[in-house]
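Chemist: Just so it is clear, I am handing over entry-v7.json, which has JSON, C-alpha atoms.
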[["chain", "number", "residue", "atom", "x", "y", "z"],
["A", 1, "MET", "CA", -44.76, -12.00, 22.50],
["A", 2, "ALA", "CA", -48.05, -10.81, 21.10],
["A", 3, "THR", "CA", -46.63, -10.51, 17.60],
["A", 4, "HIS", "CA", -44.58, -13.71, 17.76],
["A", 5, "ILE", "CA", -47.57, -15.90, 18.61],
["A", 6, "GLN", "CA", -48.50, -15.81, 14.92],
["A", 7, "ASN", "CA", -45.47, -18.02, 14.27],
["A", 8, "SER", "CA", -46.68, -20.88, 16.44],
["A", 9, "GLU", "CA", -49.59, -23.26, 16.71],
["A", 10, "ILE", "CA", -50.87, -21.37, 19.75],
["A", 11, "ARG", "CA", -52.06, -18.63, 17.39],
["A", 12, "LYS", "CA", -55.23, -20.65, 16.86],
["A", 13, "SER", "CA", -56.26, -20.33, 20.50],
["A", 14, "VAL", "CA", -54.55, -17.18, 21.84],
["A", 15, "GLU", "CA", -54.78, -13.63, 20.52],
["A", 16, "LEU", "CA", -52.95, -10.85, 22.37],
["A", 17, "LEU", "CA", -52.78, -8.01, 19.84],
["A", 18, "SER", "CA", -56.15, -6.62, 20.91],
["A", 19, "LEU", "CA", -54.64, -5.85, 24.32],
["A", 20, "PHE", "CA", -52.65, -2.97, 22.85],
["A", 21, "THR", "CA", -53.77, 0.46, 21.71],
["A", 22, "PRO", "CA", -52.67, 1.99, 18.40],
["A", 23, "GLN", "CA", -50.52, 4.45, 20.39],
["A", 24, "GLU", "CA", -48.78, 1.58, 22.18],
["A", 25, "PHE", "CA", -48.03, -0.07, 18.83],
["A", 26, "TYR", "CA", -46.65, 3.22, 17.53],
["A", 27, "ASP", "CA", -44.54, 3.77, 20.65],
["A", 28, "GLN", "CA", -43.06, 0.29, 20.28],
["A", 29, "TRP", "CA", -42.24, 1.00, 16.64],
["A", 30, "VAL", "CA", -40.49, 4.27, 17.62],
["A", 31, "VAL", "CA", -38.20, 2.31, 19.93],
["A", 32, "ASN", "CA", -37.57, -0.35, 17.27],
["A", 33, "ASN", "CA", -36.94, 2.35, 14.63],
["A", 34, "ALA", "CA", -34.32, 3.94, 16.91],
["A", 35, "MET", "CA", -32.69, 0.55, 17.45],
["A", 36, "TRP", "CA", -32.33, 0.08, 13.67],
["A", 37, "TYR", "CA", -30.90, 3.57, 13.28],
["A", 38, "ILE", "CA", -28.36, 3.21, 16.09],
["A", 39, "LYS", "CA", -27.30, -0.38, 15.34],
["A", 40, "TYR", "CA", -27.10, -0.28, 11.54],
["A", 41, "ALA", "CA", -27.22, 3.29, 10.17],
["A", 42, "ASN", "CA", -25.02, 6.38, 10.26],
["A", 43, "ALA", "CA", -25.80, 7.29, 13.88],
["A", 44, "SER", "CA", -23.54, 9.40, 16.06],
["A", 45, "GLN", "CA", -24.43, 7.12, 18.96],
["A", 46, "SER", "CA", -22.46, 4.33, 17.24],
["A", 47, "ASN", "CA", -19.71, 6.72, 16.09],
["A", 48, "GLN", "CA", -21.05, 6.50, 12.53],
["A", 49, "ASP", "CA", -19.13, 3.22, 12.24],
["A", 50, "MET", "CA", -21.88, 0.79, 11.30],
["A", 51, "PRO", "CA", -21.88, 1.49, 7.54],
["A", 52, "LYS", "CA", -18.13, 0.80, 7.53],
["A", 53, "THR", "CA", -18.89, -2.85, 8.28],
["A", 54, "GLN", "CA", -19.78, -3.18, 4.58],
["A", 55, "ILE", "CA", -16.56, -1.75, 3.10],
["A", 56, "ASN", "CA", -15.30, -5.18, 2.02],
["A", 57, "LEU", "CA", -18.64, -5.93, 0.37],
["A", 58, "LEU", "CA", -18.54, -2.63, -1.54],
["A", 59, "HIS", "CA", -14.99, -3.43, -2.73],
["A", 60, "GLN", "CA", -16.23, -6.81, -3.93],
["A", 61, "ILE", "CA", -19.24, -5.27, -5.71],
["A", 62, "ILE", "CA", -16.99, -2.84, -7.58],
["A", 63, "ASN", "CA", -14.47, -5.55, -8.50],
["A", 64, "ASP", "CA", -17.19, -7.95, -9.65],
["A", 65, "ALA", "CA", -18.87, -5.24, -11.71],
["A", 66, "ASP", "CA", -15.62, -4.36, -13.46],
["A", 67, "SER", "CA", -14.91, -8.03, -14.09],
["A", 68, "CYS", "CA", -18.36, -8.70, -15.54],
["A", 69, "LEU", "CA", -18.21, -5.59, -17.71],
["A", 70, "LYS", "CA", -15.13, -6.98, -19.45],
["A", 71, "LEU", "CA", -17.05, -10.02, -20.64],
["A", 72, "PRO", "CA", -18.36, -10.06, -24.23],
["A", 73, "TYR", "CA", -21.82, -11.21, -23.10],
["A", 74, "PRO", "CA", -24.36, -10.13, -20.46],
["A", 75, "SER", "CA", -23.79, -11.48, -16.97],
["A", 76, "ALA", "CA", -24.98, -11.08, -13.42],
["A", 77, "SER", "CA", -23.40, -11.19, -10.01],
["A", 78, "LEU", "CA", -25.87, -11.79, -7.19],
["A", 79, "ARG", "CA", -25.54, -11.60, -3.43],
["A", 80, "TYR", "CA", -28.06, -12.39, -0.78],
["A", 81, "GLY", "CA", -28.09, -11.05, 2.74],
["A", 82, "HIS", "CA", -30.31, -9.86, 5.51],
["A", 83, "ASP", "CA", -31.61, -6.37, 6.18],
["A", 84, "THR", "CA", -28.80, -6.03, 8.73],
["A", 85, "VAL", "CA", -26.38, -6.04, 5.78],
["A", 86, "VAL", "CA", -28.50, -4.05, 3.34],
["A", 87, "LEU", "CA", -29.08, -1.09, 5.67],
["A", 88, "PRO", "CA", -25.38, -0.41, 6.41],
["A", 89, "LEU", "CA", -24.60, -0.82, 2.70],
["A", 90, "LEU", "CA", -27.34, 1.68, 1.79],
["A", 91, "CYS", "CA", -25.81, 4.10, 4.29],
["A", 92, "LEU", "CA", -22.25, 3.47, 3.13],
["A", 93, "MET", "CA", -23.17, 4.14, -0.50],
["A", 94, "GLY", "CA", -25.39, 7.11, 0.40],
["A", 95, "ILE", "CA", -28.34, 5.69, -1.53],
["A", 96, "ASP", "CA", -31.46, 7.86, -1.28],
["A", 97, "GLY", "CA", -30.12, 9.81, 1.68],
["A", 98, "ALA", "CA", -29.71, 6.74, 3.89],
["A", 99, "ASP", "CA", -26.35, 8.14, 5.00],
["A", 100, "LYS", "CA", -27.90, 11.11, 6.77],
["A", 101, "ASN", "CA", -26.98, 11.63, 10.40],
["A", 102, "ILE", "CA", -29.89, 12.79, 12.50],
["A", 103, "ASP", "CA", -29.34, 14.61, 15.78],
["A", 104, "ILE", "CA", -31.47, 12.71, 18.28],
["A", 105, "ASN", "CA", -29.88, 14.18, 21.36],
["A", 106, "GLY", "CA", -32.50, 15.48, 23.73],
["A", 107, "THR", "CA", -32.18, 17.17, 27.06],
["A", 108, "ASP", "CA", -30.48, 15.80, 30.17],
["A", 109, "LYS", "CA", -28.43, 13.36, 28.05],
["A", 110, "HIS", "CA", -31.55, 11.41, 27.06],
["A", 111, "MET", "CA", -32.13, 10.64, 23.40],
["A", 112, "ASP", "CA", -35.19, 12.11, 21.74],
["A", 113, "ILE", "CA", -35.98, 9.16, 19.50],
["A", 114, "ASP", "CA", -39.23, 10.81, 18.40],
["A", 115, "LYS", "CA", -37.05, 13.04, 16.20],
["A", 116, "LEU", "CA", -36.17, 10.17, 13.88],
["A", 117, "PRO", "CA", -39.52, 9.77, 12.07],
["A", 118, "ASP", "CA", -39.98, 13.55, 12.10],
["A", 119, "ASN", "CA", -36.69, 13.80, 10.18],
["A", 120, "GLY", "CA", -37.57, 11.11, 7.67],
["A", 121, "TRP", "CA", -35.86, 8.13, 9.26],
["A", 122, "CYS", "CA", -38.27, 5.21, 9.10],
["A", 123, "ASP", "CA", -36.72, 1.76, 9.11],
["A", 124, "TYR", "CA", -39.47, 0.26, 6.98],
["A", 125, "LYS", "CA", -38.78, 2.75, 4.17],
["A", 126, "TYR", "CA", -35.16, 1.64, 3.86],
["A", 127, "VAL", "CA", -35.36, -2.05, 4.71],
["A", 128, "PRO", "CA", -38.84, -3.45, 4.19],
["A", 129, "MET", "CA", -39.31, -7.19, 3.86],
["A", 130, "ALA", "CA", -37.35, -8.42, 0.81],
["A", 131, "CYS", "CA", -35.33, -5.19, 0.63],
["A", 132, "ASN", "CA", -32.66, -5.04, -2.04],
["A", 133, "ILE", "CA", -30.10, -2.96, -3.87],
["A", 134, "GLN", "CA", -29.54, -3.43, -7.58],
["A", 135, "LEU", "CA", -26.94, -1.95, -9.87],
["A", 136, "VAL", "CA", -28.09, -2.36, -13.45],
["A", 137, "PHE", "CA", -25.46, -1.69, -16.11],
["A", 138, "TYR", "CA", -26.03, -0.49, -19.66],
["A", 139, "ARG", "CA", -23.62, -0.34, -22.56],
["A", 140, "SER", "CA", -24.15, 0.16, -26.25],
["A", 141, "LYS", "CA", -23.11, -2.36, -28.83],
["A", 142, "ASN", "CA", -20.19, -0.05, -29.54],
["A", 143, "ARG", "CA", -18.09, -1.26, -26.61],
["A", 144, "LYS", "CA", -16.04, 1.96, -26.64],
["A", 145, "ASP", "CA", -19.00, 4.00, -25.40],
["A", 146, "GLN", "CA", -19.37, 4.84, -21.76],
["A", 147, "ILE", "CA", -21.02, 2.36, -19.44],
["A", 148, "LEU", "CA", -24.07, 3.60, -17.57],
["A", 149, "VAL", "CA", -25.44, 2.29, -14.30],
["A", 150, "LYS", "CA", -28.84, 2.72, -12.71],
["A", 151, "VAL", "CA", -29.26, 2.13, -8.98],
["A", 152, "LEU", "CA", -32.46, 0.52, -7.73],
["A", 153, "ARG", "CA", -33.49, 0.39, -4.10],
["A", 154, "ASN", "CA", -36.36, -1.98, -3.50],
["A", 155, "GLU", "CA", -37.06, -2.02, -7.26],
["A", 156, "LYS", "CA", -37.35, 1.80, -7.46],
["A", 157, "GLU", "CA", -34.87, 4.12, -9.16],
["A", 158, "ALA", "CA", -32.58, 5.54, -6.49],
["A", 159, "HIS", "CA", -30.25, 8.50, -6.06],
["A", 160, "LEU", "CA", -26.55, 8.51, -5.24],
["A", 161, "ASN", "CA", -24.48, 11.43, -3.97],
["A", 162, "VAL", "CA", -22.88, 11.66, -7.41],
["A", 163, "PRO", "CA", -23.70, 14.70, -9.56],
["A", 164, "ILE", "CA", -25.29, 13.73, -12.88],
["A", 165, "ASP", "CA", -27.17, 15.22, -15.80],
["A", 166, "LYS", "CA", -29.37, 12.30, -16.82],
["A", 167, "TRP", "CA", -30.80, 10.75, -13.68],
["A", 168, "PRO", "CA", -31.45, 7.86, -13.14],
["A", 169, "TYR", "CA", -28.45, 6.93, -15.28],
["A", 170, "TYR", "CA", -24.96, 7.47, -13.89],
["A", 171, "GLU", "CA", -21.65, 6.98, -15.66],
["A", 172, "TRP", "CA", -20.08, 3.91, -14.06],
["A", 173, "GLU", "CA", -16.56, 5.38, -14.03],
["A", 174, "GLU", "CA", -17.86, 8.44, -12.13],
["A", 175, "VAL", "CA", -19.76, 6.31, -9.63],
["A", 176, "LYS", "CA", -16.80, 4.01, -9.12],
["A", 177, "GLY", "CA", -14.47, 7.00, -8.75],
["A", 178, "TYR", "CA", -16.78, 8.61, -6.22],
["A", 179, "LEU", "CA", -17.13, 5.42, -4.16],
["A", 180, "ILE", "CA", -13.39, 4.80, -4.14],
["A", 181, "ALA", "CA", -12.36, 8.40, -3.43],
["A", 182, "ASN", "CA", -15.04, 9.34, -0.90],
["A", 183, "ILE", "CA", -15.83, 6.07, 0.84],
["A", 184, "LEU", "CA", -13.25, 3.36, 0.33],
["A", 185, "SER", "CA", -10.21, 5.64, 0.72],
["A", 186, "ASN", "CA", -11.32, 7.02, 4.11]]
Please render this file's structure as structure tokens.
Modeler:
Amino acid sequence: MATHIQNSEIRKSVELLSLFTPQEFYDQWVVNNAMWYIKYANASQSNQDMPKTQINLLHQIINDADSCLKLPYPSASLRYGHDTVVLPLLCLMGIDGADKNIDINGTDKHMDIDKLPDNGWCDYKYVPMACNIQLVFYRSKNRKDQILVKVLRNEKEAHLNVPIDKWPYYEWEEVKGYLIANILSN
């Protein structure tokens, strides 16, 4: 409630954030971070199924990319969605290690959610406000040359689980082959 007051007119007369200590804010974030991991990422607690919710979208992205690449002029295919779509897609595609599975099992069948940030899982790093994934394609004027693709996550060059020699540029046929063989065929 303390953070949601800012979205109402009552914010001018009521301020509750000062009631909480920095540790209490951090503890609340740890719980929220775990919720994001379990509900939308590659967590064992959700049988690693959440990224699979974006399989149809990944099929569509690949099909649209191939279709646009056949055109004789530059084109774009845009999609808009919430962080609840972007995070599972990041995990499905394995962008920047988002697909990692972190053991957060503690003792006595209680989860040790403090392990998530210690192992590099921070929700705000993967899906900050206005998060996005971009695939930027490059081809030479000689249309017979290979097509390259660069992956951007939140406007920064990103890594895929595809071996390459010239990062951040990947050969589109290799990326597409990897995605189809290792993700869409499973």
Chemist: Do you know which residues are at most 6 Å from region 155-167 of chain A counting only C-alpha atoms, after dropping those on the same chain fewer than 4 positions away, and could you put them as a PyMOL selection string?
Modeler: chain A and resi 94-96+151
Chemist: Tell me which protein, DNA and RNA residues are within 10 Å of region 70-84 of chain A, counting only C-alpha atoms, leaving out same-chain ones fewer than 2 positions away, and put them as JSON, numbers by chain.
Modeler: {"A": [36, 39, 40, 41, 57, 61, 64, 65, 66, 67, 68, 86, 87, 88, 89, 126, 127, 128, 129, 130, 131, 132, 133, 134, 135, 136, 137, 138, 143]}
Chemist: Name all residues at most 10 Å from region 2-5 of chain A (count only C-alpha atoms; drop same-chain ones fewer than 4 positions away) and give them as a list in words.
Modeler: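 Near region 2-5 of chain A, the qualifying residues are Glu9, Ile10, Arg11, Lys12, Ser13, Val14, Glu15, Leu16, Leu17, Ser18, Leu19 and Phe20 of chain A.
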Chemist: Residues near region 45-48 of chain A, anyone? I mean within 12 Å using only C-alpha atoms, not counting same-chain ones fewer than 5 positions away, as number ranges by chain.
Modeler: A: 34-40, 53, 88, 91-92, 99-105, 109-111, 113
Chemist: Given the selection you just returned, output its residues as a file containing C-alpha atoms, formatted as a CSV table (one decimal), in the frame of the given file.
Modeler:
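Wrote selection-v6.csv, looks like this:
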chain,number,residue,atom,x,y,z
A,34,ALA,CA,-34.3,3.9,16.9
A,35,MET,CA,-32.7,0.6,17.4
A,36,TRP,CA,-32.3,0.1,13.7
A,37,TYR,CA,-30.9,3.6,13.3
A,38,ILE,CA,-28.4,3.2,16.1
A,39,LYS,CA,-27.3,-0.4,15.3
A,40,TYR,CA,-27.1,-0.3,11.5
A,53,THR,CA,-18.9,-2.8,8.3
A,88,PRO,CA,-25.4,-0.4,6.4
A,91,CYS,CA,-25.8,4.1,4.3
A,92,LEU,CA,-22.2,3.5,3.1
A,99,ASP,CA,-26.4,8.1,5.0
A,100,LYS,CA,-27.9,11.1,6.8
A,101,ASN,CA,-27.0,11.6,10.4
A,102,ILE,CA,-29.9,12.8,12.5
A,103,ASP,CA,-29.3,14.6,15.8
A,104,ILE,CA,-31.5,12.7,18.3
A,105,ASN,CA,-29.9,14.2,21.4
A,109,LYS,CA,-28.4,13.4,28.0
A,110,HIS,CA,-31.6,11.4,27.1
A,111,MET,CA,-32.1,10.6,23.4
A,113,ILE,CA,-36.0,9.2,19.5
Chemist: Out of A:Val149, A:Ala43, A:Val85, A:Leu69, which residue has the shortest atom-to-atom distance to Val175 (chain A) when counting only C-alpha atoms?
Modeler: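 Looking at the shortest contact to Val175 (chain A), the residue is A:Val149.
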Chemist: Measuring atom to atom with all atoms listed in the file, identify which of A:Gln28, A:Asn142, A:Asn154, A:Asn56 is nearest to Ile180 (chain A).
Modeler: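 When distances to Ile180 (chain A) are compared using all atoms listed in the file, the smallest one comes from A:Asn56.
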Chemist: Please indicate the distance in Å from CA of Trp121 (chain A) to CA of Met93 (chain A), rounded to one decimal place.
Modeler: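 One can read the CA of Trp121 (chain A) to CA of Met93 (chain A) distance as 16.5 Å.
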Chemist: Provide an axis-aligned box for all listed atoms of region 73-89 of chain A, padding each side by 5 Å; report its centre and its edge lengths in Å to one decimal, as AutoDock Vina command-line options.
Modeler:
--center_x -26.7 --center_y -6.4 --center_z -7.2 --size_x 19.8 --size_y 22.0 --size_z 41.8
